[in-house]
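What's in run08.txt: compact mmCIF, C-alpha atoms
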# COMPACT_ATOMS: atom_id res chain seq x y z
CA MET A 326 -4.58 6.10 -36.09
CA MET A 327 -3.48 8.65 -38.67
CA ILE A 328 -3.96 11.43 -36.11
CA PHE A 329 -1.06 10.01 -34.03
CA VAL A 330 1.29 10.12 -37.01
CA ASN A 331 0.21 13.67 -37.84
CA ALA A 332 0.58 14.71 -34.18
CA PHE A 333 4.08 13.22 -34.04
CA VAL A 334 5.27 14.82 -37.28
CA VAL A 335 3.76 18.29 -36.79
CA GLY A 336 4.69 18.44 -33.09
CA GLY A 337 8.18 17.28 -33.98
CA ILE A 338 8.56 19.91 -36.69
CA ILE A 339 7.49 22.73 -34.35
CA CYS A 340 10.05 21.55 -31.77
CA LEU A 341 12.65 21.29 -34.53
CA ILE A 342 12.00 24.93 -35.45
CA GLY A 343 12.47 25.80 -31.78
CA GLN A 344 15.78 23.92 -31.73
CA LEU A 345 16.94 25.79 -34.85
CA LEU A 346 16.09 29.12 -33.20
CA LEU A 347 18.18 28.04 -30.19
CA ASP A 348 21.18 26.61 -32.04
CA VAL A 349 21.36 28.49 -35.33
CA GLY A 350 19.57 31.69 -34.32
CA LYS A 351 21.53 31.67 -31.02
CA LEU A 352 18.44 32.80 -29.11
CA THR A 353 17.96 32.15 -25.39
CA PRO A 354 15.16 29.73 -24.44
CA ALA A 355 13.00 32.66 -23.29
CA HIS A 356 13.46 34.44 -26.64
CA THR A 357 12.73 31.22 -28.53
CA LEU A 358 9.49 30.51 -26.66
CA SER A 359 8.35 34.13 -26.93
CA THR A 360 9.01 34.03 -30.68
CA LEU A 361 7.01 30.81 -31.06
CA VAL A 362 4.08 32.20 -29.07
CA VAL A 363 3.97 35.33 -31.21
CA ALA A 364 4.23 33.14 -34.33
CA GLY A 365 1.24 31.10 -33.14
CA ALA A 366 -0.74 34.28 -32.52
CA VAL A 367 0.09 35.63 -35.98
CA LEU A 368 -0.84 32.32 -37.64
CA ASP A 369 -4.22 32.36 -35.93
CA GLY A 370 -4.65 35.98 -36.95
CA LEU A 371 -4.29 34.74 -40.53
CA ASP A 372 -6.74 31.88 -39.79
CA LEU A 373 -4.06 29.28 -40.43
CA TYR A 374 -3.66 27.69 -36.99
CA GLU A 375 -7.11 26.11 -36.60
CA PRO A 376 -6.71 24.07 -39.81
CA LEU A 377 -3.38 22.87 -38.43
CA ILE A 378 -5.08 21.71 -35.20
CA ASP A 379 -7.77 19.94 -37.24
CA PHE A 380 -5.01 18.16 -39.14
CA ALA A 381 -2.54 17.37 -36.37
CA GLY A 382 -4.57 17.41 -33.14
CA ALA A 383 -2.25 17.48 -30.14
CA GLY A 384 0.69 17.96 -32.51
CA ALA A 385 -0.50 21.54 -32.93
CA SER A 386 -2.30 22.07 -29.61
CA VAL A 387 0.46 20.86 -27.25
CA PRO A 388 3.41 23.04 -28.45
CA ILE A 389 3.58 26.55 -26.97
CA THR A 390 2.57 28.06 -30.34
CA SER A 391 -0.98 27.00 -29.51
CA PHE A 392 -0.85 29.35 -26.51
CA GLY A 393 -0.58 32.29 -28.91
CA ASN A 394 -3.29 30.77 -31.05
CA ALA A 395 -5.59 30.33 -28.05
CA LEU A 396 -5.01 33.92 -26.87
CA VAL A 397 -6.09 35.28 -30.24
CA HIS A 398 -8.95 32.82 -30.50
CA GLY A 399 -10.47 33.70 -27.14
CA ALA A 400 -10.17 37.42 -27.86
CA VAL A 401 -11.77 37.09 -31.32
CA THR A 402 -14.67 35.01 -30.01
CA GLU A 403 -15.43 37.45 -27.20
CA ALA A 404 -14.99 40.51 -29.44
CA GLN A 405 -17.54 39.06 -31.87
CA GLN A 406 -20.08 38.91 -29.06
CA SER A 407 -19.40 42.03 -27.02
CA GLY A 408 -17.35 44.36 -29.22
CA LEU A 409 -14.04 46.02 -28.46
CA ILE A 410 -14.04 45.24 -24.72
CA GLY A 411 -14.26 41.56 -25.66
CA ILE A 412 -10.59 41.64 -26.66
CA LEU A 413 -9.69 42.30 -23.03
CA THR A 414 -12.21 39.97 -21.45
CA GLY A 415 -11.68 37.15 -23.93
CA ILE A 416 -7.91 37.02 -24.22
CA PHE A 417 -7.48 34.50 -21.38
CA GLN A 418 -10.77 32.69 -22.01
CA VAL A 419 -9.31 29.67 -23.80
CA THR A 420 -5.86 29.63 -22.19
CA SER A 421 -7.27 29.82 -18.69
CA ALA A 422 -7.03 26.05 -18.17
CA GLY A 423 -3.33 25.92 -19.00
CA VAL A 424 -2.30 29.05 -17.12
CA SER A 425 -4.38 28.29 -14.02
CA ALA A 426 -3.18 24.69 -13.95
CA ALA A 427 0.43 25.82 -14.28
CA ILE A 428 0.08 28.30 -11.40
CA ILE A 429 -1.73 25.85 -9.11
CA PHE A 430 0.50 22.84 -9.76
CA SER A 431 3.69 24.95 -9.60
CA PHE A 432 2.62 26.31 -6.23
CA LEU A 433 1.83 22.82 -4.97
CA ALA A 434 5.19 21.62 -6.27
CA ALA A 435 6.93 24.41 -4.36
CA LEU A 436 5.06 23.38 -1.19
CA ILE A 437 6.01 19.73 -1.51
CA PHE A 438 9.44 19.58 -3.13
CA ARG A 439 12.82 20.99 -2.19
CA PRO A 440 15.32 22.30 -4.78
CA LYS A 441 17.60 19.56 -6.11
CA GLY A 442 21.34 19.83 -6.67
CA MET B 1099 32.36 52.41 -34.98
CA ASP B 1100 31.30 48.79 -34.69
CA LYS B 1101 32.00 46.50 -31.80
CA GLU B 1102 34.82 44.64 -33.54
CA SER B 1103 37.08 47.64 -34.23
CA LYS B 1104 36.78 48.89 -30.66
CA LEU B 1105 38.79 45.93 -29.44
CA THR B 1106 42.55 46.27 -29.03
CA PRO B 1107 44.73 44.01 -31.22
CA SER B 1108 45.40 41.65 -28.32
CA GLN B 1109 41.69 41.41 -27.59
CA GLN B 1110 41.02 40.59 -31.23
CA GLY B 1111 43.69 37.91 -31.08
CA TYR B 1112 42.10 36.44 -27.99
CA LYS B 1113 38.68 36.43 -29.61
CA LYS B 1114 40.05 34.51 -32.57
CA LEU B 1115 41.76 32.02 -30.28
CA ALA B 1116 38.64 31.58 -28.15
CA GLY B 1117 36.53 31.13 -31.28
CA LYS B 1118 38.80 28.33 -32.46
CA HIS B 1119 38.33 26.43 -29.19
CA GLU B 1120 34.62 27.10 -28.84
CA ILE B 1121 32.66 23.84 -28.79
CA LYS B 1122 30.64 23.57 -31.96
CA ARG B 1123 26.98 22.90 -31.26
CA PRO B 1124 25.92 19.55 -32.69
CA VAL B 1125 23.04 21.20 -34.55
CA LEU B 1126 21.92 18.19 -36.58
CA LYS B 1127 21.95 15.84 -33.58
CA ASN B 1128 20.07 18.39 -31.47
CA CYS B 1129 17.47 18.84 -34.19
CA VAL B 1130 16.87 15.11 -34.56
CA LYS B 1131 16.47 14.79 -30.78
CA ALA B 1132 14.13 17.79 -30.63
CA PHE B 1133 12.02 16.38 -33.47
CA ILE B 1134 11.69 12.90 -31.98
CA ILE B 1135 11.15 13.91 -28.34
CA GLY B 1136 8.84 16.80 -29.27
CA GLY B 1137 6.90 14.48 -31.55
CA LEU B 1138 6.61 11.87 -28.81
CA VAL B 1139 5.37 14.42 -26.25
CA CYS B 1140 2.68 15.52 -28.73
CA THR B 1141 1.76 11.90 -29.50
CA PHE B 1142 1.44 11.29 -25.76
CA GLY B 1143 -0.80 14.39 -25.59
CA GLN B 1144 -2.90 12.95 -28.41
CA MET B 1145 -3.31 9.70 -26.47
CA ILE B 1146 -4.49 11.59 -23.39
CA GLN B 1147 -6.87 13.64 -25.55
CA ASN B 1148 -8.33 10.52 -27.17
CA GLY B 1149 -8.73 9.05 -23.69
CA TYR B 1150 -10.75 12.06 -22.54
CA VAL B 1151 -12.96 11.80 -25.60
CA ALA B 1152 -13.46 8.03 -25.22
CA TYR B 1153 -13.94 7.71 -21.46
CA PHE B 1154 -15.26 11.12 -20.35
CA ASP B 1155 -17.86 13.51 -21.70
CA PHE B 1156 -15.54 15.55 -23.89
CA THR B 1157 -15.69 16.26 -27.60
CA GLU B 1158 -12.69 16.63 -29.92
CA LYS B 1159 -12.89 20.39 -29.39
CA THR B 1160 -13.33 20.49 -25.59
CA ALA B 1161 -10.80 17.75 -24.79
CA GLY B 1162 -7.93 20.20 -25.36
CA ASP B 1163 -8.30 21.87 -21.95
CA PRO B 1164 -8.13 18.75 -19.75
CA THR B 1165 -5.30 17.44 -21.95
CA VAL B 1166 -3.21 20.56 -21.38
CA ALA B 1167 -4.03 20.51 -17.65
CA THR B 1168 -2.97 16.86 -17.41
CA LEU B 1169 0.31 17.51 -19.23
CA VAL B 1170 0.96 20.51 -16.98
CA PHE B 1171 0.32 18.35 -13.92
CA ILE B 1172 2.68 15.61 -15.12
CA ALA B 1173 5.39 18.15 -15.99
CA SER B 1174 5.11 19.88 -12.59
CA LEU B 1175 5.37 16.54 -10.80
CA LEU B 1176 8.38 15.44 -12.85
CA THR B 1177 10.00 18.84 -12.24
CA GLY B 1178 9.51 18.44 -8.50
CA LEU B 1179 11.09 15.00 -8.61
CA GLY B 1180 14.05 16.45 -10.51
CA ILE B 1181 13.38 14.27 -13.55
CA TYR B 1182 12.21 16.90 -16.03
CA ASP B 1183 15.38 18.97 -15.91
CA ARG B 1184 17.53 15.94 -16.74
CA PHE B 1185 15.11 15.08 -19.53
CA GLY B 1186 15.33 18.69 -20.72
CA GLN B 1187 19.11 18.62 -20.92
CA PHE B 1188 18.83 15.68 -23.26
CA ALA B 1189 15.84 16.79 -25.33
CA GLY B 1190 16.52 20.53 -25.76
CA ALA B 1191 13.65 22.22 -27.56
CA GLY B 1192 11.81 18.88 -27.67
CA SER B 1193 11.02 19.32 -23.99
CA ALA B 1194 10.93 23.13 -23.89
CA VAL B 1195 8.51 23.87 -26.73
CA PRO B 1196 5.54 21.68 -25.68
CA VAL B 1197 3.32 23.10 -22.95
CA THR B 1198 5.15 20.80 -20.52
CA GLY B 1199 8.19 23.06 -20.91
CA PHE B 1200 6.10 26.04 -19.89
CA ALA B 1201 4.95 24.18 -16.77
CA ASN B 1202 8.52 23.11 -16.07
CA ALA B 1203 9.76 26.70 -16.28
CA MET B 1204 7.14 27.81 -13.75
CA ALA B 1205 7.48 24.87 -11.36
CA SER B 1206 11.28 24.94 -11.33
CA ALA B 1207 11.32 28.70 -10.66
CA ALA B 1208 8.79 28.23 -7.85
CA ILE B 1209 10.73 25.38 -6.23
CA GLU B 1210 14.10 27.04 -6.66
CA HIS B 1211 13.05 30.24 -4.89
CA ARG B 1212 11.11 28.72 -1.99
CA THR B 1213 14.02 29.39 0.35
CA GLU B 1214 13.35 33.12 -0.16
CA GLY B 1215 9.87 32.69 1.27
CA TYR B 1216 6.48 31.79 -0.09
CA VAL B 1217 5.42 35.33 -1.00
CA LEU B 1218 8.57 36.98 -2.30
CA GLY B 1219 10.28 33.77 -3.39
CA VAL B 1220 7.63 31.43 -4.77
CA GLY B 1221 5.00 34.05 -5.60
CA GLY B 1222 7.39 36.62 -7.00
CA ASN B 1223 9.57 34.32 -9.08
CA MET B 1224 7.10 31.80 -10.48
CA PHE B 1225 6.70 33.80 -13.70
CA LYS B 1226 10.36 34.71 -13.99
CA LEU B 1227 10.87 32.62 -17.12
CA ALA B 1228 7.29 31.94 -18.18
CA GLY B 1229 6.32 35.60 -17.80
CA SER B 1230 7.92 36.70 -21.06
CA VAL B 1231 5.88 34.09 -22.94
CA ILE B 1232 2.66 35.43 -21.42
CA VAL B 1233 3.58 39.08 -21.91
CA TYR B 1234 4.54 38.73 -25.57
CA GLY B 1235 1.70 36.33 -26.30
CA VAL B 1236 -0.91 38.60 -24.79
CA PHE B 1237 0.43 41.77 -26.36
CA ALA B 1238 0.77 40.19 -29.80
CA ALA B 1239 -2.74 38.74 -29.52
CA PHE B 1240 -4.10 42.14 -28.49
CA VAL B 1241 -2.55 43.92 -31.46
CA ILE B 1242 -3.59 41.20 -33.91
CA VAL B 1243 -7.20 41.08 -32.76
CA LEU B 1244 -7.40 44.88 -32.62
CA VAL B 1245 -6.16 45.16 -36.21
CA LYS B 1246 -8.60 42.47 -37.32
CA TYR B 1247 -11.41 44.19 -35.46
CA LEU B 1248 -10.75 47.68 -36.77
CA PHE B 1249 -9.77 46.98 -40.37
CA PHE B 1250 -11.16 43.63 -41.41
CA GLY B 1251 -14.21 43.15 -39.22
CA LEU B 1252 -14.27 39.90 -37.29
As structure tokens, what does this structure read like?
Amino acid sequence: MMIFVNAFVVGGIICLIGQLLLDVGKLTPAHTLSTLVVAGAVLDGLDLYEPLIDFAGAGASVPITSFGNALVHGAVTEAQQSGLIGILTGIFQVTSAGVSAAIIFSFLAALIFRPKG
Amino acid sequence: MDKESKLTPSQQGYKKLAGKHEIKRPVLKNCVKAFIIGGLVCTFGQMIQNGYVAYFDFTEKTAGDPTVATLVFIASLLTGLGIYDRFGQFAGAGSAVPVTGFANAMASAAIEHRTEGYVLGVGGNMFKLAGSVIVYGVFAAFVIVLVKYLFFGL
């Protein structure tokens, strides 16, 4: 049960940081999301993001910061096995599910739906 | 010479006047909304994840992928129905920061540009907003892992 509370609080805080970047930092949404992704990548580079996922579950794995984390993670895992080239082959290893799903479902949505208002 | 002093006196006067009438962003209210909605989206994600662990053959570690895919599917569907954008106007970063916002950015760009054709419109514009996230994420990850690899040993 505790995991739901942790997920809510941590996920909420990450979104709150995003809102502060938008409102106080006066960044555009694209700048905000790019900043958060890079922040997630840096945190995983410092080995800090995995502990956060262990603590907060989906609260850390659902926000876009986890995309940066997953990019680094896949690249590190592959590089450990196959050396330098592993950075290139591994970078999309973990994020593949999210990116592929987004491409496929977005395309299907464009086939089915018409633009609204 | 900075930007400010390049303006003529009347332009400076106008800027002051416009500044006075600019609508102040309700930062606190926006932050509370972002916290609650973002937290709820993540809690919902946690419920899906627990479901995959309980009813399918996934472990805590491997349940992340189907969870993200499910959220992406739901967000694309809600975007197509025109619901997600209304939700987004209310929730701000609470709907943009979770992976559902990423899916929404892609699906809405794809739907919006379908009138320009499936190749140039849908194919060419799908990553219009989401592309910057991928580009900066990938490049940052590349640099970080390269530095780790060369200087710290993985």
Chain A residues near chain B within 6 Å, closest pair each, using all atoms listed in the file, as CSV:
residue,atom,partner,partner_atom,distance
A:Phe329,CA,B:Thr1141,CA,5.7
A:Ala332,CA,B:Thr1141,CA,5.6
A:Phe333,CA,B:Gly1137,CA,4.0
A:Val334,CA,B:Gly1137,CA,6.0
A:Gly336,CA,B:Gly1137,CA,4.8
A:Gly337,CA,B:Gly1137,CA,3.9
A:Ile338,CA,B:Phe1133,CA,5.9
A:Cys340,CA,B:Gly1192,CA,5.2
A:Leu341,CA,B:Phe1133,CA,5.1
A:Gly343,CA,B:Ala1191,CA,5.7
A:Gln344,CA,B:Ala1191,CA,5.0
A:Ser359,CA,B:Val1231,CA,4.7
A:Val362,CA,B:Gly1235,CA,5.5
A:Val363,CA,B:Gly1235,CA,5.5
A:Ala366,CA,B:Ala1239,CA,5.7
A:Ala383,CA,B:Gln1144,CA,4.9
A:Gly384,CA,B:Cys1140,CA,4.9
A:Val387,CA,B:Pro1196,CA,5.4
A:Pro388,CA,B:Pro1196,CA,3.7
A:Ile389,CA,B:Val1197,CA,5.3
A:Gly393,CA,B:Gly1235,CA,5.3
A:Leu396,CA,B:Ala1239,CA,6.0
A:Val397,CA,B:Ala1239,CA,4.9
A:Ala422,CA,B:Asp1163,CA,5.8
A:Gly423,CA,B:Ala1167,CA,5.6
A:Ala426,CA,B:Ala1167,CA,5.6
A:Ala427,CA,B:Ala1201,CA,5.4
A:Ser431,CA,B:Ala1205,CA,4.2
A:Ala434,CA,B:Gly1178,CA,5.8
A:Ala435,CA,B:Ile1209,CA,4.3
A:Phe438,CA,B:Gly1178,CA,5.5
A:Pro440,CA,B:Glu1210,CA,5.2
How many Å separate atom CA of Asn331 of chain A from atom CA of Asp348 of chain A?
->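 These atoms are spaced 25.3 Å apart.
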What is the atom CA of Asp379 of chain A to atom CA of Ala404 of chain A distance in Å?
->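 We find that atom CA of Asp379 of chain A and atom CA of Ala404 of chain A lie 23.2 Å from each other.
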Separation of atom CA of Thr357 of chain A and atom CA of Leu1218 of chain B, in Å?
->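 Calculated distance between atom CA of Thr357 of chain A and atom CA of Leu1218 of chain B is 27.2 Å.
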8 Å per side around segment 372-385 of chain A: axis-aligned box centre and edge lengths, as lines of an AutoDock Vina configuration file:
center_x = -3.5
center_y = 24.6
center_z = -35.3
size_x = 24.5
size_y = 30.5
size_z = 26.3
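Remark: for Phe417 of chain A, the closest of the candidate residues A:Gly350, A:His398, A:Phe432, A:Gln405 is A:His398 (distances computed over only C-alpha atoms).
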